Amino acid sequence: MSAKDIISAYYDAFNRQDMDAFLGLLTDDVAHDINQGERQTGKDIFRSFMDKMNRSYRERLTDIVIMESADGTRGAAEFTVNGEYLATDEGLPEAKGQKYVLPAGAFFEIRDGKVARISNYYNLNDWIAQVSA
């Protein structure tokens, strides 16, 4: 599979909430750069992160555009996050089922047909303004 195909499968699994397929696309030592946060390493840690996210947020990604490097080792995606804030995430505003729409992007490193690194980016201040309104 090409980097573009792997990234497309990654987002397809995310949108279906098929966490087994989603996590199956990651290397065991995946590096996850959290937006405005730390780097976490390892599939088990990524799984815990997604469990927490799925408790607090319901999100569907649309308008996905995927790009890949000529050598197939890197990729990028730009998309729109359509979400609902379900349960209060520590250190953030109180959740009351607020809906939000947020432009976002991600950078990927691909190794051996799997995602070895994902770095996510979005405007946290924009999200806070939307859920605080």
# chains A, B, ... in the order shown; residues from 1 in each chain; ligands from 1
$ residues_around --residues "Leu26 (chain A)" --least-positions-apart "4" --cutoff "7 Å" --atoms "only C-alpha atoms" --output "compact mmCIF listing (two decimals) with C-alpha atoms, in the first residue's frame"
# COMPACT_ATOMS: atom_id res chain seq x y z
CA VAL A 30 4.49 4.56 16.94
CA LYS A 43 0.82 1.49 20.45
CA LYS A 114 2.31 1.19 8.83
CA VAL A 115 2.14 4.57 10.54
CA ALA A 116 5.35 5.05 12.55
$ residues_around --residues "Ser8 (chain A)" --least-positions-apart "6" --cutoff "10 Å" --atoms "only C-alpha atoms" --output "list of chain:residue names"
A:Ser2, A:Phe14, A:Ile64, A:Val65, A:Ile66, A:Ala77
$ write_last_selection --atoms "N, CA and C atoms" --output "mmCIF file, in the first residue's frame"
data_model
loop_
_atom_site.group_PDB
_atom_site.id
_atom_site.type_symbol
_atom_site.label_atom_id
_atom_site.label_comp_id
_atom_site.auth_asym_id
_atom_site.auth_seq_id
_atom_site.Cartn_x
_atom_site.Cartn_y
_atom_site.Cartn_z
ATOM 1 N N SER A 2 0.427 2.263 -0.682
ATOM 2 C CA SER A 2 1.144 3.530 -0.694
ATOM 3 C C SER A 2 0.877 4.280 0.605
ATOM 4 N N PHE A 14 -10.863 5.499 11.615
ATOM 5 C CA PHE A 14 -11.219 6.490 12.640
ATOM 6 C C PHE A 14 -12.691 6.872 12.498
ATOM 7 N N ILE A 64 -11.189 15.493 3.673
ATOM 8 C CA ILE A 64 -9.825 14.988 3.859
ATOM 9 C C ILE A 64 -9.050 15.069 2.535
ATOM 10 N N VAL A 65 -7.902 15.728 2.593
ATOM 11 C CA VAL A 65 -6.972 15.783 1.457
ATOM 12 C C VAL A 65 -5.664 15.175 1.938
ATOM 13 N N ILE A 66 -5.172 14.182 1.207
ATOM 14 C CA ILE A 66 -3.960 13.453 1.611
ATOM 15 C C ILE A 66 -2.863 13.675 0.577
ATOM 16 N N ALA A 77 -2.003 15.212 5.823
ATOM 17 C CA ALA A 77 -3.435 15.290 5.565
ATOM 18 C C ALA A 77 -3.971 16.587 6.149
#
$ select_by_dssp --residues "chain A" --states "helix (DSSP H, G or I)" --output "PyMOL selection string"
chain A and resi 3-16+19-24+43-56+124-132
$ closest_residue --among "A:Ala31, A:Leu25, A:Leu124, A:Val81" --to "Tyr100 (chain A)" --atoms "only C-alpha atoms"
A:Val81
$ atom_distance --atom1 "CA of Ser119 (chain A)" --atom2 "CA of Ala21 (chain A)"
19.3 Å
$ residues_around --residues "Asn15 (chain A)" --least-positions-apart "4" --cutoff "12 Å" --atoms "only C-alpha atoms" --output "ChimeraX atom specification"
/A:8-11,19,21-22,54,58-62,64,81-83
$ write_last_selection --atoms "N, CA and C atoms" --output "compact mmCIF listing (two decimals), in the first residue's frame"
# COMPACT_ATOMS: atom_id res chain seq x y z
N SER A 8 -5.29 7.04 4.20
CA SER A 8 -6.72 6.97 3.91
C SER A 8 -7.39 5.88 4.75
N ALA A 9 -6.77 4.72 4.85
CA ALA A 9 -7.32 3.63 5.67
C ALA A 9 -7.37 4.03 7.15
N TYR A 10 -6.36 4.76 7.60
CA TYR A 10 -6.28 5.25 8.98
C TYR A 10 -7.50 6.13 9.29
N TYR A 11 -7.78 7.09 8.41
CA TYR A 11 -8.92 7.98 8.64
C TYR A 11 -10.26 7.29 8.42
N MET A 19 -11.63 0.82 16.18
CA MET A 19 -10.35 1.01 16.84
C MET A 19 -9.38 -0.15 16.59
N ALA A 21 -9.05 -1.83 13.68
CA ALA A 21 -8.46 -1.54 12.37
C ALA A 21 -7.55 -0.32 12.46
N PHE A 22 -8.00 0.70 13.19
CA PHE A 22 -7.25 1.94 13.36
C PHE A 22 -5.88 1.66 13.99
N ASN A 54 -12.14 9.08 22.97
CA ASN A 54 -13.45 8.58 22.58
C ASN A 54 -14.49 8.71 23.70
N ARG A 58 -16.87 12.94 20.32
CA ARG A 58 -17.35 12.16 19.17
C ARG A 58 -17.00 13.01 17.95
N GLU A 59 -16.12 12.46 17.10
CA GLU A 59 -15.64 13.25 15.96
C GLU A 59 -15.74 12.46 14.66
N ARG A 60 -16.02 13.22 13.61
CA ARG A 60 -16.01 12.69 12.24
C ARG A 60 -15.19 13.66 11.40
N LEU A 61 -14.29 13.11 10.63
CA LEU A 61 -13.42 13.93 9.80
C LEU A 61 -13.96 13.97 8.37
N THR A 62 -14.02 15.18 7.81
CA THR A 62 -14.51 15.37 6.44
C THR A 62 -13.51 16.22 5.67
N ILE A 64 -11.19 15.49 3.67
CA ILE A 64 -9.83 14.99 3.86
C ILE A 64 -9.05 15.07 2.54
N VAL A 81 -12.55 18.72 11.27
CA VAL A 81 -13.05 17.92 12.39
C VAL A 81 -14.45 18.42 12.72
N ASN A 82 -15.42 17.53 12.66
CA ASN A 82 -16.81 17.82 13.03
C ASN A 82 -17.06 17.05 14.31
N GLY A 83 -17.17 17.77 15.43
CA GLY A 83 -17.20 17.06 16.69
C GLY A 83 -18.28 17.49 17.65
$ residues_around --residues "Asp71 (chain A)" --least-positions-apart "4" --cutoff "12 Å" --atoms "only C-alpha atoms" --output "PyMOL selection string"
chain A and resi 2-4+67+75+109-111
$ residues_around --residues "Ala87 (chain A)" --least-positions-apart "3" --cutoff "12 Å" --atoms "only C-alpha atoms" --output "ChimeraX atom specification"
/A:52-58,84,90,92-98,131
$ write_last_selection --atoms "N, CA, C and O atoms" --output "PDB file, in the first residue's frame"
ATOM      1  N   LYS A  52      -9.411   7.572  25.997  1.00  0.00           N
ATOM      2  CA  LYS A  52      -9.756   8.829  26.676  1.00  0.00           C
ATOM      3  C   LYS A  52     -10.460   9.780  25.708  1.00  0.00           C
ATOM      4  O   LYS A  52     -11.493  10.371  26.044  1.00  0.00           O
ATOM      5  N   MET A  53      -9.919   9.910  24.510  1.00  0.00           N
ATOM      6  CA  MET A  53     -10.517  10.810  23.520  1.00  0.00           C
ATOM      7  C   MET A  53     -11.941  10.365  23.169  1.00  0.00           C
ATOM      8  O   MET A  53     -12.846  11.195  23.073  1.00  0.00           O
ATOM      9  N   ASN A  54     -12.135   9.076  22.974  1.00  0.00           N
ATOM     10  CA  ASN A  54     -13.451   8.578  22.580  1.00  0.00           C
ATOM     11  C   ASN A  54     -14.485   8.705  23.696  1.00  0.00           C
ATOM     12  O   ASN A  54     -15.682   8.738  23.417  1.00  0.00           O
ATOM     13  N   ARG A  55     -14.045   8.791  24.944  1.00  0.00           N
ATOM     14  CA  ARG A  55     -14.973   9.061  26.053  1.00  0.00           C
ATOM     15  C   ARG A  55     -15.410  10.518  26.049  1.00  0.00           C
ATOM     16  O   ARG A  55     -16.551  10.836  26.377  1.00  0.00           O
ATOM     17  N   SER A  56     -14.500  11.425  25.703  1.00  0.00           N
ATOM     18  CA  SER A  56     -14.770  12.855  25.802  1.00  0.00           C
ATOM     19  C   SER A  56     -15.308  13.485  24.520  1.00  0.00           C
ATOM     20  O   SER A  56     -15.963  14.522  24.574  1.00  0.00           O
ATOM     21  N   TYR A  57     -14.999  12.860  23.367  1.00  0.00           N
ATOM     22  CA  TYR A  57     -15.335  13.486  22.082  1.00  0.00           C
ATOM     23  C   TYR A  57     -15.923  12.471  21.114  1.00  0.00           C
ATOM     24  O   TYR A  57     -15.512  11.318  21.089  1.00  0.00           O
ATOM     25  N   ARG A  58     -16.870  12.937  20.315  1.00  0.00           N
ATOM     26  CA  ARG A  58     -17.353  12.165  19.170  1.00  0.00           C
ATOM     27  C   ARG A  58     -16.997  13.007  17.952  1.00  0.00           C
ATOM     28  O   ARG A  58     -17.492  14.128  17.800  1.00  0.00           O
ATOM     29  N   GLU A  84     -18.384  16.668  18.695  1.00  0.00           N
ATOM     30  CA  GLU A  84     -19.277  16.931  19.822  1.00  0.00           C
ATOM     31  C   GLU A  84     -18.488  16.620  21.090  1.00  0.00           C
ATOM     32  O   GLU A  84     -17.849  15.572  21.199  1.00  0.00           O
ATOM     33  N   GLU A  90      -9.934  16.942  31.328  1.00  0.00           N
ATOM     34  CA  GLU A  90      -9.214  17.638  32.394  1.00  0.00           C
ATOM     35  C   GLU A  90      -8.471  18.871  31.868  1.00  0.00           C
ATOM     36  O   GLU A  90      -7.762  18.803  30.864  1.00  0.00           O
ATOM     37  N   LEU A  92      -9.809  21.540  30.591  1.00  0.00           N
ATOM     38  CA  LEU A  92     -10.518  22.208  29.502  1.00  0.00           C
ATOM     39  C   LEU A  92     -11.918  22.606  29.967  1.00  0.00           C
ATOM     40  O   LEU A  92     -12.368  22.166  31.030  1.00  0.00           O
ATOM     41  N   PRO A  93     -12.628  23.430  29.192  1.00  0.00           N
ATOM     42  CA  PRO A  93     -13.974  23.843  29.598  1.00  0.00           C
ATOM     43  C   PRO A  93     -14.895  22.647  29.843  1.00  0.00           C
ATOM     44  O   PRO A  93     -14.647  21.541  29.342  1.00  0.00           O
ATOM     45  N   GLU A  94     -15.957  22.898  30.588  1.00  0.00           N
ATOM     46  CA  GLU A  94     -16.927  21.854  30.900  1.00  0.00           C
ATOM     47  C   GLU A  94     -17.658  21.394  29.642  1.00  0.00           C
ATOM     48  O   GLU A  94     -18.051  22.205  28.803  1.00  0.00           O
ATOM     49  N   ALA A  95     -17.832  20.090  29.520  1.00  0.00           N
ATOM     50  CA  ALA A  95     -18.550  19.509  28.381  1.00  0.00           C
ATOM     51  C   ALA A  95     -20.049  19.538  28.643  1.00  0.00           C
ATOM     52  O   ALA A  95     -20.511  19.182  29.726  1.00  0.00           O
ATOM     53  N   LYS A  96     -20.787  19.995  27.619  1.00  0.00           N
ATOM     54  CA  LYS A  96     -22.249  20.029  27.687  1.00  0.00           C
ATOM     55  C   LYS A  96     -22.847  19.598  26.358  1.00  0.00           C
ATOM     56  O   LYS A  96     -23.892  20.070  25.961  1.00  0.00           O
ATOM     57  N   GLY A  97     -22.113  18.750  25.629  1.00  0.00           N
ATOM     58  CA  GLY A  97     -22.599  18.318  24.321  1.00  0.00           C
ATOM     59  C   GLY A  97     -22.393  19.349  23.220  1.00  0.00           C
ATOM     60  O   GLY A  97     -23.032  19.264  22.172  1.00  0.00           O
ATOM     61  N   GLN A  98     -21.472  20.308  23.452  1.00  0.00           N
ATOM     62  CA  GLN A  98     -21.224  21.344  22.461  1.00  0.00           C
ATOM     63  C   GLN A  98     -20.716  20.743  21.155  1.00  0.00           C
ATOM     64  O   GLN A  98     -19.920  19.823  21.164  1.00  0.00           O
ATOM     65  N   VAL A 131     -16.401  25.829  22.069  1.00  0.00           N
ATOM     66  CA  VAL A 131     -17.116  25.081  23.108  1.00  0.00           C
ATOM     67  C   VAL A 131     -17.472  25.957  24.311  1.00  0.00           C
ATOM     68  O   VAL A 131     -18.258  25.544  25.156  1.00  0.00           O
TER      69      VAL A 131
END
$ atom_distance --atom1 "CA of Tyr122 (chain A)" --atom2 "CA of Leu102 (chain A)"
7.3 Å
$ closest_residue --among "A:Lys99, A:Gly72, A:Thr27, A:Glu38" --to "Leu86 (chain A)" --atoms "only C-alpha atoms"
A:Lys99
$ decode --residues "region 41-74 of chain A" --atoms "N, CA and C atoms" --output "PDB file, in the first residue's frame"
ATOM      1  N   THR A  41       5.019   7.518  22.961  1.00  0.00           N
ATOM      2  CA  THR A  41       5.556   6.461  22.118  1.00  0.00           C
ATOM      3  C   THR A  41       4.969   5.110  22.509  1.00  0.00           C
ATOM      4  N   GLY A  42       4.527   4.372  21.502  1.00  0.00           N
ATOM      5  CA  GLY A  42       4.033   3.014  21.703  1.00  0.00           C
ATOM      6  C   GLY A  42       2.555   2.877  21.408  1.00  0.00           C
ATOM      7  N   LYS A  43       2.209   1.737  20.821  1.00  0.00           N
ATOM      8  CA  LYS A  43       0.815   1.490  20.445  1.00  0.00           C
ATOM      9  C   LYS A  43      -0.104   1.398  21.661  1.00  0.00           C
ATOM     10  N   ASP A  44       0.362   0.812  22.758  1.00  0.00           N
ATOM     11  CA  ASP A  44      -0.487   0.697  23.952  1.00  0.00           C
ATOM     12  C   ASP A  44      -0.814   2.073  24.529  1.00  0.00           C
ATOM     13  N   ILE A  45       0.149   2.975  24.519  1.00  0.00           N
ATOM     14  CA  ILE A  45      -0.088   4.336  25.012  1.00  0.00           C
ATOM     15  C   ILE A  45      -1.048   5.060  24.074  1.00  0.00           C
ATOM     16  N   PHE A  46      -0.891   4.848  22.769  1.00  0.00           N
ATOM     17  CA  PHE A  46      -1.799   5.449  21.790  1.00  0.00           C
ATOM     18  C   PHE A  46      -3.220   4.930  22.014  1.00  0.00           C
ATOM     19  N   ARG A  47      -3.345   3.626  22.292  1.00  0.00           N
ATOM     20  CA  ARG A  47      -4.663   3.034  22.568  1.00  0.00           C
ATOM     21  C   ARG A  47      -5.304   3.711  23.783  1.00  0.00           C
ATOM     22  N   SER A  48      -4.551   3.930  24.843  1.00  0.00           N
ATOM     23  CA  SER A  48      -5.078   4.600  26.043  1.00  0.00           C
ATOM     24  C   SER A  48      -5.500   6.027  25.721  1.00  0.00           C
ATOM     25  N   PHE A  49      -4.695   6.717  24.915  1.00  0.00           N
ATOM     26  CA  PHE A  49      -5.032   8.075  24.485  1.00  0.00           C
ATOM     27  C   PHE A  49      -6.366   8.076  23.733  1.00  0.00           C
ATOM     28  N   MET A  50      -6.541   7.129  22.817  1.00  0.00           N
ATOM     29  CA  MET A  50      -7.780   7.073  22.040  1.00  0.00           C
ATOM     30  C   MET A  50      -8.973   6.691  22.914  1.00  0.00           C
ATOM     31  N   ASP A  51      -8.779   5.826  23.899  1.00  0.00           N
ATOM     32  CA  ASP A  51      -9.868   5.500  24.826  1.00  0.00           C
ATOM     33  C   ASP A  51     -10.352   6.758  25.529  1.00  0.00           C
ATOM     34  N   LYS A  52      -9.411   7.572  25.997  1.00  0.00           N
ATOM     35  CA  LYS A  52      -9.756   8.829  26.676  1.00  0.00           C
ATOM     36  C   LYS A  52     -10.460   9.780  25.708  1.00  0.00           C
ATOM     37  N   MET A  53      -9.919   9.910  24.510  1.00  0.00           N
ATOM     38  CA  MET A  53     -10.517  10.810  23.520  1.00  0.00           C
ATOM     39  C   MET A  53     -11.941  10.365  23.169  1.00  0.00           C
ATOM     40  N   ASN A  54     -12.135   9.076  22.974  1.00  0.00           N
ATOM     41  CA  ASN A  54     -13.451   8.578  22.580  1.00  0.00           C
ATOM     42  C   ASN A  54     -14.485   8.705  23.696  1.00  0.00           C
ATOM     43  N   ARG A  55     -14.045   8.791  24.944  1.00  0.00           N
ATOM     44  CA  ARG A  55     -14.973   9.061  26.053  1.00  0.00           C
ATOM     45  C   ARG A  55     -15.410  10.518  26.049  1.00  0.00           C
ATOM     46  N   SER A  56     -14.500  11.425  25.703  1.00  0.00           N
ATOM     47  CA  SER A  56     -14.770  12.855  25.802  1.00  0.00           C
ATOM     48  C   SER A  56     -15.308  13.485  24.520  1.00  0.00           C
ATOM     49  N   TYR A  57     -14.999  12.860  23.367  1.00  0.00           N
ATOM     50  CA  TYR A  57     -15.335  13.486  22.082  1.00  0.00           C
ATOM     51  C   TYR A  57     -15.923  12.471  21.114  1.00  0.00           C
ATOM     52  N   ARG A  58     -16.870  12.937  20.315  1.00  0.00           N
ATOM     53  CA  ARG A  58     -17.353  12.165  19.170  1.00  0.00           C
ATOM     54  C   ARG A  58     -16.997  13.007  17.952  1.00  0.00           C
ATOM     55  N   GLU A  59     -16.115  12.458  17.099  1.00  0.00           N
ATOM     56  CA  GLU A  59     -15.637  13.245  15.964  1.00  0.00           C
ATOM     57  C   GLU A  59     -15.736  12.465  14.663  1.00  0.00           C
ATOM     58  N   ARG A  60     -16.017  13.218  13.610  1.00  0.00           N
ATOM     59  CA  ARG A  60     -16.011  12.691  12.245  1.00  0.00           C
ATOM     60  C   ARG A  60     -15.195  13.659  11.404  1.00  0.00           C
ATOM     61  N   LEU A  61     -14.285  13.111  10.629  1.00  0.00           N
ATOM     62  CA  LEU A  61     -13.416  13.930   9.797  1.00  0.00           C
ATOM     63  C   LEU A  61     -13.958  13.972   8.372  1.00  0.00           C
ATOM     64  N   THR A  62     -14.021  15.183   7.810  1.00  0.00           N
ATOM     65  CA  THR A  62     -14.510  15.369   6.441  1.00  0.00           C
ATOM     66  C   THR A  62     -13.512  16.223   5.670  1.00  0.00           C
ATOM     67  N   ASP A  63     -13.759  16.358   4.380  1.00  0.00           N
ATOM     68  CA  ASP A  63     -12.923  17.193   3.505  1.00  0.00           C
ATOM     69  C   ASP A  63     -11.450  16.790   3.604  1.00  0.00           C
ATOM     70  N   ILE A  64     -11.189  15.493   3.673  1.00  0.00           N
ATOM     71  CA  ILE A  64      -9.825  14.988   3.859  1.00  0.00           C
ATOM     72  C   ILE A  64      -9.050  15.069   2.535  1.00  0.00           C
ATOM     73  N   VAL A  65      -7.902  15.728   2.593  1.00  0.00           N
ATOM     74  CA  VAL A  65      -6.972  15.783   1.457  1.00  0.00           C
ATOM     75  C   VAL A  65      -5.664  15.175   1.938  1.00  0.00           C
ATOM     76  N   ILE A  66      -5.172  14.182   1.207  1.00  0.00           N
ATOM     77  CA  ILE A  66      -3.960  13.453   1.611  1.00  0.00           C
ATOM     78  C   ILE A  66      -2.863  13.675   0.577  1.00  0.00           C
ATOM     79  N   MET A  67      -1.666  13.941   1.061  1.00  0.00           N
ATOM     80  CA  MET A  67      -0.492  14.114   0.217  1.00  0.00           C
ATOM     81  C   MET A  67       0.576  13.135   0.674  1.00  0.00           C
ATOM     82  N   GLU A  68       1.459  12.740  -0.245  1.00  0.00           N
ATOM     83  CA  GLU A  68       2.545  11.838   0.134  1.00  0.00           C
ATOM     84  C   GLU A  68       3.835  12.243  -0.558  1.00  0.00           C
ATOM     85  N   SER A  69       4.950  11.905   0.067  1.00  0.00           N
ATOM     86  CA  SER A  69       6.262  12.174  -0.520  1.00  0.00           C
ATOM     87  C   SER A  69       6.515  11.196  -1.667  1.00  0.00           C
ATOM     88  N   ALA A  70       7.415  11.582  -2.550  1.00  0.00           N
ATOM     89  CA  ALA A  70       7.728  10.749  -3.712  1.00  0.00           C
ATOM     90  C   ALA A  70       8.255   9.371  -3.304  1.00  0.00           C
ATOM     91  N   ASP A  71       8.979   9.305  -2.185  1.00  0.00           N
ATOM     92  CA  ASP A  71       9.540   8.012  -1.764  1.00  0.00           C
ATOM     93  C   ASP A  71       8.586   7.195  -0.900  1.00  0.00           C
ATOM     94  N   GLY A  72       7.402   7.745  -0.590  1.00  0.00           N
ATOM     95  CA  GLY A  72       6.381   7.004   0.151  1.00  0.00           C
ATOM     96  C   GLY A  72       6.613   6.857   1.636  1.00  0.00           C
ATOM     97  N   THR A  73       7.612   7.575   2.184  1.00  0.00           N
ATOM     98  CA  THR A  73       7.901   7.429   3.616  1.00  0.00           C
ATOM     99  C   THR A  73       7.227   8.492   4.475  1.00  0.00           C
ATOM    100  N   ARG A  74       6.653   9.490   3.839  1.00  0.00           N
ATOM    101  CA  ARG A  74       5.997  10.558   4.594  1.00  0.00           C
ATOM    102  C   ARG A  74       4.697  10.952   3.915  1.00  0.00           C
TER     103      ARG A  74
END
